[in-house]
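The structure file structure.cif is reproduced below (mmCIF, C-alpha atoms and all ligand atoms).
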```
data_target
loop_
_atom_site.label_atom_id
_atom_site.label_comp_id
_atom_site.auth_asym_id
_atom_site.auth_seq_id
_atom_site.Cartn_x
_atom_site.Cartn_y
_atom_site.Cartn_z
CA MET A 1 -80.07 -30.84 -22.13
CA PRO A 2 -76.85 -31.80 -20.30
CA ARG A 3 -75.35 -35.24 -20.82
CA THR A 4 -77.47 -36.81 -18.09
CA GLY A 5 -80.36 -35.92 -15.91
CA PHE A 6 -77.81 -35.52 -13.13
CA ARG A 7 -77.78 -31.77 -13.63
CA ALA A 8 -81.08 -31.45 -15.39
CA GLN A 9 -83.23 -32.10 -12.35
CA PRO A 10 -81.70 -29.57 -9.95
CA LEU A 11 -81.48 -27.06 -12.79
CA ALA A 12 -85.16 -27.36 -13.49
CA ALA A 13 -85.88 -26.65 -9.85
CA LEU A 14 -83.55 -23.68 -9.82
CA ALA A 15 -84.96 -22.27 -13.03
CA GLY A 16 -88.37 -22.33 -11.40
CA ALA A 17 -86.93 -20.24 -8.60
CA GLY A 18 -85.68 -17.74 -11.15
CA LEU A 19 -81.98 -18.30 -10.53
CA ALA A 20 -79.22 -17.80 -13.06
CA VAL A 21 -79.05 -21.17 -14.72
CA LEU A 22 -76.29 -20.22 -17.14
CA ALA A 23 -73.94 -19.24 -14.35
CA LEU A 24 -74.44 -22.65 -12.76
CA LEU A 25 -73.71 -24.43 -16.04
CA ALA A 26 -70.50 -22.49 -16.48
CA THR A 27 -69.10 -23.60 -13.12
CA PRO A 28 -68.39 -27.33 -12.94
CA ALA A 29 -67.56 -27.06 -9.23
CA GLN A 30 -71.25 -26.42 -8.64
CA ALA A 31 -71.87 -30.09 -9.36
CA GLN A 32 -70.36 -30.91 -5.98
CA ARG A 33 -73.05 -28.90 -4.27
CA VAL A 34 -75.87 -31.01 -5.60
CA THR A 35 -74.36 -34.49 -5.13
CA GLY A 36 -76.51 -36.22 -2.58
CA THR A 37 -79.60 -34.05 -2.88
CA GLY A 38 -81.67 -36.72 -4.60
CA GLU A 39 -80.70 -36.00 -8.19
CA VAL A 40 -81.25 -38.76 -10.73
CA VAL A 41 -78.25 -39.87 -12.76
CA ARG A 42 -79.12 -41.19 -16.19
CA GLY A 43 -76.66 -42.23 -18.84
CA ALA A 44 -75.05 -44.86 -16.64
CA SER A 45 -75.79 -48.54 -17.32
CA LEU A 46 -78.67 -48.17 -14.85
CA PRO A 47 -80.36 -44.94 -13.77
CA PHE A 48 -79.98 -44.20 -10.07
CA ARG A 49 -80.74 -41.55 -7.52
CA VAL A 50 -78.06 -40.14 -5.18
CA THR A 51 -79.27 -39.18 -1.73
CA THR A 52 -77.42 -38.18 1.42
CA PHE A 53 -78.04 -40.93 3.96
CA ALA A 54 -76.02 -39.32 6.75
CA ALA A 55 -74.00 -36.13 7.23
CA GLY A 56 -71.81 -34.46 9.83
CA LEU A 57 -69.05 -37.06 9.86
CA GLU A 58 -65.43 -35.86 9.86
CA ARG A 59 -63.38 -37.80 7.28
CA PRO A 60 -65.34 -41.08 7.52
CA TRP A 61 -63.00 -43.96 6.57
CA GLY A 62 -64.47 -47.36 7.41
CA ALA A 63 -67.97 -48.69 8.04
CA ALA A 64 -69.81 -51.90 8.85
CA PHE A 65 -73.55 -52.64 9.10
CA LEU A 66 -74.78 -54.19 12.35
CA PRO A 67 -77.34 -57.01 12.12
CA ASP A 68 -80.05 -54.52 13.21
CA GLY A 69 -79.33 -52.33 10.17
CA ARG A 70 -77.44 -49.56 11.95
CA LEU A 71 -74.10 -48.54 10.48
CA LEU A 72 -70.91 -48.36 12.55
CA VAL A 73 -68.61 -45.69 11.07
CA THR A 74 -65.09 -44.52 11.86
CA GLU A 75 -64.00 -40.91 11.64
CA ARG A 76 -60.29 -40.61 10.90
CA PRO A 77 -59.54 -38.14 13.74
CA GLY A 78 -60.40 -40.96 16.16
CA ARG A 79 -64.12 -41.34 16.66
CA LEU A 80 -66.56 -44.18 16.14
CA ARG A 81 -70.26 -43.45 15.64
CA LEU A 82 -73.46 -45.30 14.85
CA VAL A 83 -75.80 -44.17 12.11
CA ASP A 84 -79.43 -45.14 12.60
CA LYS A 85 -81.55 -46.42 9.73
CA ASP A 86 -83.03 -42.94 9.32
CA GLY A 87 -79.54 -41.42 9.01
CA THR A 88 -79.35 -40.02 12.56
CA VAL A 89 -75.71 -39.93 13.71
CA SER A 90 -74.97 -40.89 17.33
CA PRO A 91 -72.54 -39.12 19.67
CA PRO A 92 -69.03 -40.63 19.61
CA LEU A 93 -68.87 -44.08 21.21
CA GLY A 94 -66.86 -44.37 24.42
CA GLY A 95 -63.91 -46.68 24.95
CA VAL A 96 -62.14 -45.93 21.68
CA PRO A 97 -58.36 -45.85 22.19
CA GLU A 98 -56.39 -42.73 21.41
CA VAL A 99 -55.08 -42.69 17.85
CA VAL A 100 -52.39 -40.71 16.05
CA ALA A 101 -54.32 -38.80 13.43
CA ALA A 102 -51.37 -37.10 11.71
CA GLY A 103 -50.77 -37.38 7.97
CA GLN A 104 -52.80 -40.22 6.49
CA GLY A 105 -53.09 -41.86 9.90
CA GLY A 106 -55.94 -41.99 12.37
CA LEU A 107 -58.80 -44.35 13.11
CA LEU A 108 -59.23 -46.18 9.82
CA ASP A 109 -61.20 -49.37 9.15
CA VAL A 110 -63.77 -51.24 11.26
CA GLN A 111 -65.33 -54.67 10.77
CA LEU A 112 -67.66 -56.89 12.74
CA ALA A 113 -66.59 -60.38 13.74
CA PRO A 114 -68.46 -63.01 11.69
CA ASP A 115 -70.19 -64.11 14.92
CA PHE A 116 -70.91 -60.55 16.08
CA ALA A 117 -74.56 -61.39 16.79
CA SER A 118 -73.48 -63.60 19.70
CA THR A 119 -70.04 -62.18 20.66
CA ARG A 120 -70.54 -58.42 19.95
CA GLU A 121 -66.89 -58.42 18.81
CA VAL A 122 -65.64 -55.66 16.53
CA TYR A 123 -62.19 -55.15 15.03
CA PHE A 124 -60.68 -51.87 13.99
CA CYS A 125 -57.28 -50.57 12.95
CA HIS A 126 -55.54 -47.27 13.45
CA SER A 127 -52.15 -45.64 13.42
CA VAL A 128 -50.29 -45.63 16.71
CA LEU A 129 -46.99 -44.35 18.12
CA LEU A 130 -44.84 -47.17 19.48
CA GLN A 131 -41.67 -47.32 21.54
CA GLY A 132 -39.78 -50.55 21.07
CA GLN A 133 -40.52 -53.56 18.88
CA GLY A 134 -37.59 -52.69 16.62
CA GLY A 135 -37.65 -48.90 16.78
CA SER A 136 -39.87 -46.02 17.72
CA GLY A 137 -42.45 -44.25 15.62
CA ALA A 138 -45.75 -44.86 13.89
CA ALA A 139 -47.24 -48.19 12.86
CA THR A 140 -50.61 -49.72 11.97
CA ARG A 141 -52.35 -51.35 14.94
CA LEU A 142 -55.18 -53.87 14.97
CA VAL A 143 -57.58 -53.82 17.94
CA ARG A 144 -60.29 -56.20 19.12
CA ALA A 145 -63.15 -54.93 21.31
CA ARG A 146 -66.76 -55.64 22.24
CA LEU A 147 -69.62 -53.29 21.47
CA SER A 148 -71.68 -52.74 24.61
CA ALA A 149 -75.23 -54.11 24.67
CA ASP A 150 -76.65 -50.58 24.40
CA ALA A 151 -74.14 -49.79 21.63
CA THR A 152 -72.88 -46.63 23.34
CA HIS A 153 -69.30 -47.73 24.00
CA LEU A 154 -66.61 -50.32 23.42
CA ASP A 155 -65.61 -52.72 26.16
CA ALA A 156 -62.25 -54.40 26.60
CA ALA A 157 -60.50 -52.82 23.63
CA GLN A 158 -57.24 -54.76 23.27
CA PRO A 159 -54.47 -54.26 20.69
CA ILE A 160 -53.82 -57.66 19.12
CA LEU A 161 -51.24 -56.86 16.46
CA ASP A 162 -48.86 -54.04 15.53
CA ALA A 163 -47.44 -53.96 12.01
CA THR A 164 -43.86 -53.61 13.22
CA PRO A 165 -41.22 -52.34 13.12
CA PRO A 166 -42.47 -48.81 13.84
CA GLN A 167 -41.04 -46.07 11.64
CA SER A 168 -39.75 -42.82 13.12
CA SER A 169 -40.35 -40.63 10.06
CA GLY A 170 -43.44 -40.21 7.94
CA ARG A 171 -47.15 -40.55 8.67
CA ASN A 172 -48.29 -41.98 5.34
CA HIS A 173 -49.28 -45.33 3.83
CA PHE A 174 -50.90 -47.22 6.69
CA GLY A 175 -53.05 -49.48 4.48
CA CYS A 176 -55.54 -50.68 7.11
CA ARG A 177 -58.48 -52.57 5.68
CA ILE A 178 -59.91 -55.59 7.48
CA ALA A 179 -61.74 -58.57 5.96
CA PHE A 180 -62.87 -61.98 7.24
CA ASP A 181 -62.99 -65.19 5.21
CA ALA A 182 -65.63 -67.90 5.50
CA GLU A 183 -63.53 -69.75 8.10
CA GLY A 184 -63.36 -66.63 10.29
CA LYS A 185 -59.68 -65.84 9.61
CA LEU A 186 -58.92 -62.12 9.71
CA TYR A 187 -57.03 -60.34 6.93
CA LEU A 188 -55.38 -56.95 7.52
CA SER A 189 -53.70 -54.84 4.85
CA THR A 190 -50.70 -52.71 5.82
CA GLY A 191 -48.99 -49.96 3.81
CA ASP A 192 -45.29 -49.71 2.97
CA ARG A 193 -45.07 -46.52 5.12
CA PHE A 194 -43.77 -44.54 2.11
CA ILE A 195 -40.22 -43.65 3.23
CA ASP A 196 -38.44 -46.98 2.71
CA LYS A 197 -40.32 -48.67 -0.15
CA MET A 198 -38.34 -51.91 0.19
CA ARG A 199 -40.14 -52.68 3.45
CA ALA A 200 -42.86 -54.15 1.22
CA GLN A 201 -40.40 -56.80 -0.07
CA ARG A 202 -38.86 -57.72 3.31
CA LEU A 203 -40.42 -60.80 4.79
CA ASP A 204 -39.19 -60.01 8.31
CA ASP A 205 -41.21 -56.76 8.24
CA LEU A 206 -45.01 -56.37 8.46
CA ALA A 207 -45.24 -53.21 6.31
CA GLY A 208 -46.57 -53.43 2.74
CA LYS A 209 -48.32 -56.75 3.35
CA VAL A 210 -51.65 -58.45 3.70
CA LEU A 211 -51.63 -60.41 6.97
CA ARG A 212 -53.76 -63.46 7.81
CA LEU A 213 -54.57 -63.83 11.48
CA GLU A 214 -56.51 -65.79 14.03
CA ARG A 215 -59.11 -63.80 15.94
CA ASP A 216 -56.62 -63.08 18.75
CA GLY A 217 -53.97 -61.66 16.40
CA ARG A 218 -51.75 -64.74 16.23
CA PRO A 219 -50.61 -65.94 12.79
CA ALA A 220 -53.38 -68.03 11.24
CA ALA A 221 -52.86 -71.78 10.92
CA GLY A 222 -51.78 -72.72 7.41
CA ASN A 223 -50.10 -69.38 6.59
CA PRO A 224 -47.57 -69.59 3.72
CA PHE A 225 -44.43 -68.52 5.61
CA ILE A 226 -44.91 -70.43 8.86
CA GLY A 227 -41.70 -72.28 9.74
CA ARG A 228 -39.39 -70.01 7.77
CA ALA A 229 -36.83 -68.40 10.05
CA ASP A 230 -36.42 -65.34 7.82
CA ALA A 231 -40.11 -64.48 7.54
CA ARG A 232 -42.95 -63.27 9.75
CA PRO A 233 -45.58 -65.97 10.04
CA GLU A 234 -48.46 -63.47 9.85
CA ILE A 235 -47.76 -62.67 6.18
CA PHE A 236 -50.26 -63.83 3.55
CA THR A 237 -49.07 -61.71 0.58
CA TYR A 238 -46.34 -59.10 0.12
CA GLY A 239 -45.05 -56.41 -2.22
CA HIS A 240 -47.94 -53.97 -1.64
CA ARG A 241 -47.64 -50.18 -1.61
CA ASN A 242 -50.73 -48.73 0.09
CA PRO A 243 -53.56 -51.26 0.02
CA GLN A 244 -56.75 -49.53 1.21
CA GLY A 245 -59.21 -51.92 -0.41
CA LEU A 246 -59.78 -55.52 0.67
CA ALA A 247 -62.88 -57.61 -0.02
CA PHE A 248 -63.93 -61.21 -0.53
CA ASN A 249 -65.74 -61.98 -3.75
CA PRO A 250 -68.95 -63.63 -2.49
CA ARG A 251 -69.24 -65.67 -5.69
CA THR A 252 -65.76 -67.25 -5.65
CA GLY A 253 -64.65 -66.83 -2.02
CA HIS A 254 -61.41 -65.30 -3.31
CA LEU A 255 -59.81 -62.22 -1.78
CA TRP A 256 -59.42 -59.07 -3.88
CA GLU A 257 -57.28 -56.09 -3.01
CA ALA A 258 -57.05 -52.50 -4.32
CA GLU A 259 -53.79 -50.68 -4.01
CA PHE A 260 -52.98 -46.99 -4.26
CA GLY A 261 -49.87 -47.04 -6.45
CA ALA A 262 -47.28 -44.57 -7.59
CA ARG A 263 -48.26 -42.51 -10.65
CA GLY A 264 -49.90 -44.95 -13.07
CA GLY A 265 -49.47 -47.89 -10.70
CA ASP A 266 -52.91 -48.21 -9.09
CA GLU A 267 -53.90 -51.86 -9.05
CA VAL A 268 -56.63 -54.35 -8.34
CA ASN A 269 -55.16 -57.73 -7.41
CA LEU A 270 -56.39 -61.24 -6.75
CA LEU A 271 -54.58 -62.38 -3.62
CA LYS A 272 -52.90 -65.81 -3.55
CA PRO A 273 -51.14 -67.18 -0.47
CA GLY A 274 -47.43 -66.41 -0.39
CA ALA A 275 -47.47 -64.38 -3.60
CA ASN A 276 -45.35 -61.30 -4.29
CA TYR A 277 -47.24 -58.35 -5.81
CA GLY A 278 -44.04 -56.61 -6.81
CA TRP A 279 -43.84 -53.21 -5.14
CA PRO A 280 -41.40 -51.46 -5.47
CA LEU A 281 -39.38 -53.73 -7.78
CA VAL A 282 -42.07 -54.53 -10.32
CA THR A 283 -44.77 -51.94 -11.02
CA TYR A 284 -46.57 -50.08 -13.77
CA GLY A 285 -46.16 -46.88 -11.78
CA VAL A 286 -43.52 -44.20 -12.10
CA ASP A 287 -42.41 -41.78 -9.42
CA TYR A 288 -44.32 -38.53 -9.10
CA ASN A 289 -41.39 -36.74 -10.79
CA GLY A 290 -41.70 -39.14 -13.73
CA SER A 291 -38.62 -41.25 -12.97
CA ARG A 292 -38.74 -45.01 -13.28
CA ILE A 293 -39.25 -47.20 -10.21
CA GLY A 294 -37.73 -50.64 -9.87
CA GLU A 295 -36.86 -52.94 -12.72
CA GLY A 296 -39.94 -53.06 -14.94
CA THR A 297 -43.61 -53.85 -15.20
CA SER A 298 -43.58 -57.63 -14.92
CA ARG A 299 -41.47 -60.54 -13.74
CA PRO A 300 -42.23 -64.27 -13.79
CA ASP A 301 -42.24 -64.59 -9.99
CA VAL A 302 -44.47 -61.54 -9.43
CA GLU A 303 -48.27 -61.58 -9.67
CA GLU A 304 -49.70 -59.35 -12.39
CA PRO A 305 -52.52 -57.06 -11.29
CA LEU A 306 -55.96 -57.92 -12.65
CA ARG A 307 -56.08 -54.31 -13.78
CA HIS A 308 -53.97 -51.20 -13.45
CA TRP A 309 -54.79 -47.58 -14.25
CA GLU A 310 -52.92 -44.99 -16.27
CA PRO A 311 -53.71 -42.21 -15.55
CA SER A 312 -54.17 -42.92 -11.87
CA VAL A 313 -57.56 -43.16 -10.17
CA SER A 314 -56.26 -43.39 -6.58
CA PRO A 315 -58.32 -46.27 -5.23
CA SER A 316 -59.38 -46.50 -1.59
CA GLY A 317 -62.05 -48.92 -0.31
CA ILE A 318 -63.69 -51.64 -2.40
CA GLY A 319 -66.86 -53.66 -2.01
CA PHE A 320 -68.53 -56.42 -4.00
CA TYR A 321 -72.14 -55.90 -4.90
CA ASP A 322 -74.65 -58.74 -5.01
CA GLY A 323 -77.81 -56.95 -3.91
CA ALA A 324 -81.39 -56.74 -5.05
CA GLY A 325 -81.48 -52.98 -5.66
CA PHE A 326 -79.51 -53.09 -8.91
CA PRO A 327 -79.85 -56.58 -10.45
CA ALA A 328 -77.75 -55.66 -13.50
CA TRP A 329 -74.87 -54.68 -11.23
CA ARG A 330 -74.70 -57.97 -9.33
CA GLY A 331 -71.23 -59.44 -9.37
CA SER A 332 -69.63 -56.00 -9.70
CA LEU A 333 -66.76 -54.72 -7.64
CA PHE A 334 -67.23 -51.10 -6.62
CA MET A 335 -64.11 -49.05 -5.95
CA ALA A 336 -64.00 -45.66 -4.23
CA SER A 337 -61.60 -43.33 -5.97
CA LEU A 338 -59.94 -40.27 -4.52
CA SER A 339 -58.52 -38.59 -7.66
CA THR A 340 -59.88 -38.42 -10.31
CA PRO A 341 -62.65 -38.63 -7.78
CA GLY A 342 -65.60 -40.89 -8.32
CA LEU A 343 -66.88 -44.41 -8.11
CA LEU A 344 -65.63 -47.21 -10.36
CA ARG A 345 -67.84 -50.20 -11.11
CA LEU A 346 -65.87 -53.17 -12.36
CA SER A 347 -67.92 -56.02 -13.76
CA THR A 348 -66.41 -59.40 -13.00
CA GLU A 349 -66.68 -63.01 -14.12
CA GLY A 350 -64.99 -65.41 -11.74
CA ASP A 351 -61.49 -64.09 -11.18
CA ARG A 352 -61.57 -61.70 -14.14
CA ILE A 353 -62.55 -58.07 -14.62
CA THR A 354 -64.71 -57.82 -17.71
CA GLY A 355 -65.70 -54.17 -17.82
CA GLU A 356 -65.44 -50.80 -16.18
CA GLU A 357 -67.92 -48.01 -15.65
CA ARG A 358 -67.23 -44.63 -14.04
CA LEU A 359 -70.02 -43.19 -11.91
CA LEU A 360 -70.24 -39.70 -10.39
CA TRP A 361 -66.89 -39.09 -12.05
CA GLY A 362 -65.14 -35.87 -11.06
CA GLU A 363 -67.70 -35.09 -8.38
CA LEU A 364 -66.34 -35.94 -4.95
CA ARG A 365 -63.48 -37.85 -3.35
CA PHE A 366 -64.83 -41.18 -2.11
CA ARG A 367 -63.15 -43.11 0.70
CA HIS A 368 -65.10 -46.33 0.85
CA VAL A 369 -68.08 -48.14 -0.64
CA LEU A 370 -70.20 -50.97 0.68
CA GLN A 371 -73.48 -52.75 0.08
CA GLY A 372 -76.24 -52.20 2.62
CA PRO A 373 -78.54 -54.89 3.99
CA ASP A 374 -81.25 -53.17 1.89
CA GLY A 375 -79.35 -54.05 -1.30
CA LEU A 376 -78.37 -50.41 -1.97
CA VAL A 377 -74.90 -48.92 -2.41
CA TYR A 378 -73.43 -46.73 0.33
CA ILE A 379 -70.46 -44.42 -0.27
CA LEU A 380 -68.32 -42.61 2.31
CA THR A 381 -67.11 -39.22 1.09
CA ASP A 382 -63.60 -38.01 1.92
CA GLU A 383 -64.59 -34.62 3.28
CA GLY A 384 -63.96 -32.67 6.46
CA ARG A 385 -67.75 -32.45 6.72
CA GLY A 386 -68.12 -35.95 5.37
CA ARG A 387 -71.27 -37.73 4.32
CA ILE A 388 -72.58 -41.14 3.49
CA LEU A 389 -74.30 -41.14 0.13
CA ARG A 390 -76.76 -43.78 -0.98
CA LEU A 391 -77.43 -44.93 -4.53
CA GLU A 392 -81.05 -45.96 -5.04
CA PRO A 393 -82.66 -47.45 -8.14
CA VAL A 394 -85.18 -45.45 -10.17
CA ALA A 395 -87.40 -46.72 -12.95
CA ALA A 396 -85.84 -46.59 -16.41
CA ARG A 397 -87.57 -44.11 -18.73
CA CA A 401 -48.15 -54.96 -8.17
#
```

Would you mind writing the structure in this file as structure tokens?
Ligand SMILES: [Ca+2]
Amino acid sequence: MPRTGFRAQPLAALAGAGLAVLALLATPAQAQRVTGTGEVVRGASLPFRVTTFAAGLERPWGAAFLPDGRLLVTERPGRLRLVDKDGTVSPPLGGVPEVVAAGQGGLLDVQLAPDFASTREVYFCHSVLLQGQGGSGAATRLVRARLSADATHLDAAQPILDATPPQSSGRNHFGCRIAFDAEGKLYLSTGDRFIDKMRAQRLDDLAGKVLRLERDGRPAAGNPFIGRADARPEIFTYGHRNPQGLAFNPRTGHLWEAEFGARGGDEVNLLKPGANYGWPLVTYGVDYNGSRIGEGTSRPDVEEPLRHWEPSVSPSGIGFYDGAGFPAWRGSLFMASLSTPGLLRLSTEGDRITGEERLLWGELRFRHVLQGPDGLVYILTDEGRGRILRLEPVAAR
């Protein structure tokens, strides 16, 4: 039998239909076709079933569960949709501002306000073309809006922060994950915008940072650089390349970040106020042509990553898991990986990573991962005809 039941189950069904099983075995790409059809994966630390919860989403990027169990999902070309508990996908919501969906840009993350149940406030970020504010070109924009009572459209969508200055060339590295802490402060990650890496080190520049904001986009009280004339008061941490993962550890209350690095420089970091995470001066990564970047892999005034990957895994979204569906996985950080594609499960203790498991490795590019209110794991695939997969527990044999 194959290494896990992952292939065994669909094969058994196909064999019954008289199809050429050997041809399927000889073509690894076939595995992509079955992901999400209910196959059982054994051989992982826990057996699980992979089903397709929802389909027909174009490049889904960010998602947040409403209190009623429906899932609000962004599509990178610029649409926001709701997925019902049975997986039915709604028409695009009205009131979504126009986005610039070139390169890696578009409509990216979405999060609910902590008091969404009473305020109906949602926050999302996207790439935008700006004139002024220190130049003209693309930047990451944060928007606040209200979801209508019937959940068909957004009301009063208002930009509340632009990660300026805009950059005239390049449409890559927008970062763009949103997280809220227990006090209700909003954190937004921004990418270095790729062309001028040193933007990540400049404190008068909002690129390559994690920002900490009040709900209206102003710098949050208590921020580390408030009062410094040479620094933007919104900055919480700096020296990031393309941070697409941002999540609070529910057990410690500390903020974790995943960062898409240069070759060999992918990182998971524990974020500390005012800290420098090094890019592009201090990194484990090398340029895609193999040449060295910066001055080395560590420096006393630069925070070490909790973990880095060589070869690269290309991390995107992250999510902590503390659900009932997979008790042995509680306390894990899940990380969606784009290449080698798959899902990483990092076991944690406090502020440490204690283990790593690779799930669905080499199957599909994953954009984001989050825990559902049902205690199951939901994964957004990075596909033109994108899906939301769900991992469900099955009884151990
Ligand atoms: Ca770093």

Could you put an axis-aligned box around every listed atom of region 99-118 of chain A, padded by 6 Å on each side, and send me its centre and edge lengths in Å to one decimal, as JSON?
```
{"center_x": -62.7, "center_y": -50.6, "center_z": 13.1, "size_x": 35.8, "size_y": 39.0, "size_z": 25.2}
```

Requested in this report: Go ahead and compute the interatomic distance for CA of Ala200 (chain A) and CA of Arg345 (chain A), in Å to one decimal.
Outcome: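 So the two atoms, CA of Ala200 (chain A) and CA of Arg345 (chain A), lie 28.1 Å apart.
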
Requested in this report: Point out the residue among A:Gly362, A:Gly319, A:Pro393, A:Gly239 with the least atom-to-atom distance to ligand CA 401 (chain A), counting only C-alpha atoms and all ligand atoms.
Outcome: A:Gly239

Query raised in the report: Nearest to ligand CA 401 (chain A) among A:Arg365, A:Arg390, A:Lys209, A:Arg215, with distances taken over only C-alpha atoms and all ligand atoms: which residue is it?
Result: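 The closest residue to ligand CA 401 (chain A) is A:Lys209.
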
Counting all atoms listed in the file, what are the residues of chain A within 7 Å of ligand CA 401 (chain A), and for each of them which pair of atoms is the nearest and at what distance in Å, to one decimal? Sort the table by chain and rising number, as CSV.
```
residue,atom,partner,partner_atom,distance
A:Gly239,CA,A:CA401,CA,6.9
A:His240,CA,A:CA401,CA,6.6
A:Glu267,CA,A:CA401,CA,6.6
A:Tyr277,CA,A:CA401,CA,4.2
A:Gly278,CA,A:CA401,CA,4.6
A:Trp279,CA,A:CA401,CA,5.6
A:Val282,CA,A:CA401,CA,6.5
A:Thr283,CA,A:CA401,CA,5.4
A:Glu303,CA,A:CA401,CA,6.8
A:Glu304,CA,A:CA401,CA,6.3
A:Pro305,CA,A:CA401,CA,5.8
```

Hey, can you spit out that residue selection with C-alpha atoms as a PDB file, keeping the file's coordinate frame?
```
ATOM      1  CA  GLY A 239     -45.050 -56.410  -2.220  1.00  0.00           C
ATOM      2  CA  HIS A 240     -47.940 -53.970  -1.640  1.00  0.00           C
ATOM      3  CA  GLU A 267     -53.900 -51.860  -9.050  1.00  0.00           C
ATOM      4  CA  TYR A 277     -47.240 -58.350  -5.810  1.00  0.00           C
ATOM      5  CA  GLY A 278     -44.040 -56.610  -6.810  1.00  0.00           C
ATOM      6  CA  TRP A 279     -43.840 -53.210  -5.140  1.00  0.00           C
ATOM      7  CA  VAL A 282     -42.070 -54.530 -10.320  1.00  0.00           C
ATOM      8  CA  THR A 283     -44.770 -51.940 -11.020  1.00  0.00           C
ATOM      9  CA  GLU A 303     -48.270 -61.580  -9.670  1.00  0.00           C
ATOM     10  CA  GLU A 304     -49.700 -59.350 -12.390  1.00  0.00           C
ATOM     11  CA  PRO A 305     -52.520 -57.060 -11.290  1.00  0.00           C
TER      12      PRO A 305
END
```

Query - Of the listed residues A:Ala44, A:Ala395, A:Val210, A:Leu380, that which approaches Trp329 (chain A) most closely, counting only C-alpha atoms - result: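 Using only C-alpha atoms, Trp329 (chain A) sits closest to A:Ala44.
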
Query - A:Pro233, A:Gly94, A:Gly375, A:Gly350 ranked by distance to Tyr321 (chain A), top pick (using only C-alpha atoms) - result: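 For Tyr321 (chain A), the nearest of the given residues is A:Gly375.
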
Report task. Go ahead and compute the interatomic distance for CA of Gly132 (chain A) and CA of Val100 (chain A), in Å to one decimal. Result -> 16.8 Å

Query raised in the report: Between CA of Ala151 (chain A) and CA of Glu121 (chain A), what is the spacing in Å?
Result: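 Atom-to-atom, CA of Glu121 (chain A) and CA of Ala151 (chain A) are spaced 11.6 Å apart.
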
Query raised in the report: Hey, can you pull every residue with an atom no more than 12 Å from (-47.5, -39.0, 11.3), using all atoms listed in the file, and send it as a PyMOL selection string?
Result: chain A and resi 99-106+126-130+137-140+166-174+193-195

Query raised in the report: Which of these, A:Ser136, A:Thr348, A:Thr190, A:Asn289, has the shortest distance to Leu161 (chain A) once you count all atoms listed in the file?
Result: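 Checking each candidate against Leu161 (chain A), we get A:Thr190 as the closest.
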
Would you kindly return, as a short mmCIF file (atom, residue, chain, number, x, y, z; two decimals) with C-alpha atoms, in the frame of the given file, each protein, DNA or RNA residue with an atom no farther than 6 Å from any atom of Asn242 (chain A), considering all atoms listed in the file and excluding same-chain residues fewer than 3 positions away?
```cif
data_model
loop_
_atom_site.label_atom_id
_atom_site.label_comp_id
_atom_site.auth_asym_id
_atom_site.auth_seq_id
_atom_site.Cartn_x
_atom_site.Cartn_y
_atom_site.Cartn_z
CA HIS A 173 -49.28 -45.33 3.83
CA GLY A 175 -53.05 -49.48 4.48
CA GLY A 191 -48.99 -49.96 3.81
CA GLU A 259 -53.79 -50.68 -4.01
CA PHE A 260 -52.98 -46.99 -4.26
#
```

Query raised in the report: Can you tell me, as a PyMOL selection string, what residues are no more than 6 Å from region 74-77 of chain A when counting all atoms listed in the file, ignoring any on the same chain fewer than 2 positions away?
Result: chain A and resi 58-62+79-80+101+106-108

I'd like the contact shell of Ser314 (chain A) - 12 Å cut-off, all atoms listed in the file, skipping same-chain residues fewer than 2 positions apart - returned as a short mmCIF file (atom, residue, chain, number, x, y, z; two decimals) with C-alpha atoms, in the coordinates of the input.
```cif
data_model
loop_
_atom_site.label_atom_id
_atom_site.label_comp_id
_atom_site.auth_asym_id
_atom_site.auth_seq_id
_atom_site.Cartn_x
_atom_site.Cartn_y
_atom_site.Cartn_z
CA ASN A 242 -50.73 -48.73 0.09
CA PRO A 243 -53.56 -51.26 0.02
CA GLN A 244 -56.75 -49.53 1.21
CA GLY A 245 -59.21 -51.92 -0.41
CA ALA A 258 -57.05 -52.50 -4.32
CA GLU A 259 -53.79 -50.68 -4.01
CA PHE A 260 -52.98 -46.99 -4.26
CA GLY A 261 -49.87 -47.04 -6.45
CA ALA A 262 -47.28 -44.57 -7.59
CA ARG A 263 -48.26 -42.51 -10.65
CA GLY A 264 -49.90 -44.95 -13.07
CA GLY A 265 -49.47 -47.89 -10.70
CA ASP A 266 -52.91 -48.21 -9.09
CA GLU A 267 -53.90 -51.86 -9.05
CA VAL A 268 -56.63 -54.35 -8.34
CA GLY A 285 -46.16 -46.88 -11.78
CA HIS A 308 -53.97 -51.20 -13.45
CA TRP A 309 -54.79 -47.58 -14.25
CA GLU A 310 -52.92 -44.99 -16.27
CA PRO A 311 -53.71 -42.21 -15.55
CA SER A 312 -54.17 -42.92 -11.87
CA SER A 316 -59.38 -46.50 -1.59
CA GLY A 317 -62.05 -48.92 -0.31
CA ILE A 318 -63.69 -51.64 -2.40
CA MET A 335 -64.11 -49.05 -5.95
CA ALA A 336 -64.00 -45.66 -4.23
CA SER A 337 -61.60 -43.33 -5.97
CA LEU A 338 -59.94 -40.27 -4.52
CA SER A 339 -58.52 -38.59 -7.66
CA THR A 340 -59.88 -38.42 -10.31
CA PRO A 341 -62.65 -38.63 -7.78
CA GLY A 342 -65.60 -40.89 -8.32
CA LEU A 343 -66.88 -44.41 -8.11
CA LEU A 344 -65.63 -47.21 -10.36
CA ARG A 365 -63.48 -37.85 -3.35
CA PHE A 366 -64.83 -41.18 -2.11
CA ARG A 367 -63.15 -43.11 0.70
CA HIS A 368 -65.10 -46.33 0.85
#
```

Query raised in the report: So which one's closest to Gly331 (chain A), A:Phe248, A:Arg228, A:Gly372, A:Gly294? Using all atoms listed in the file, please.
Result: A:Phe248
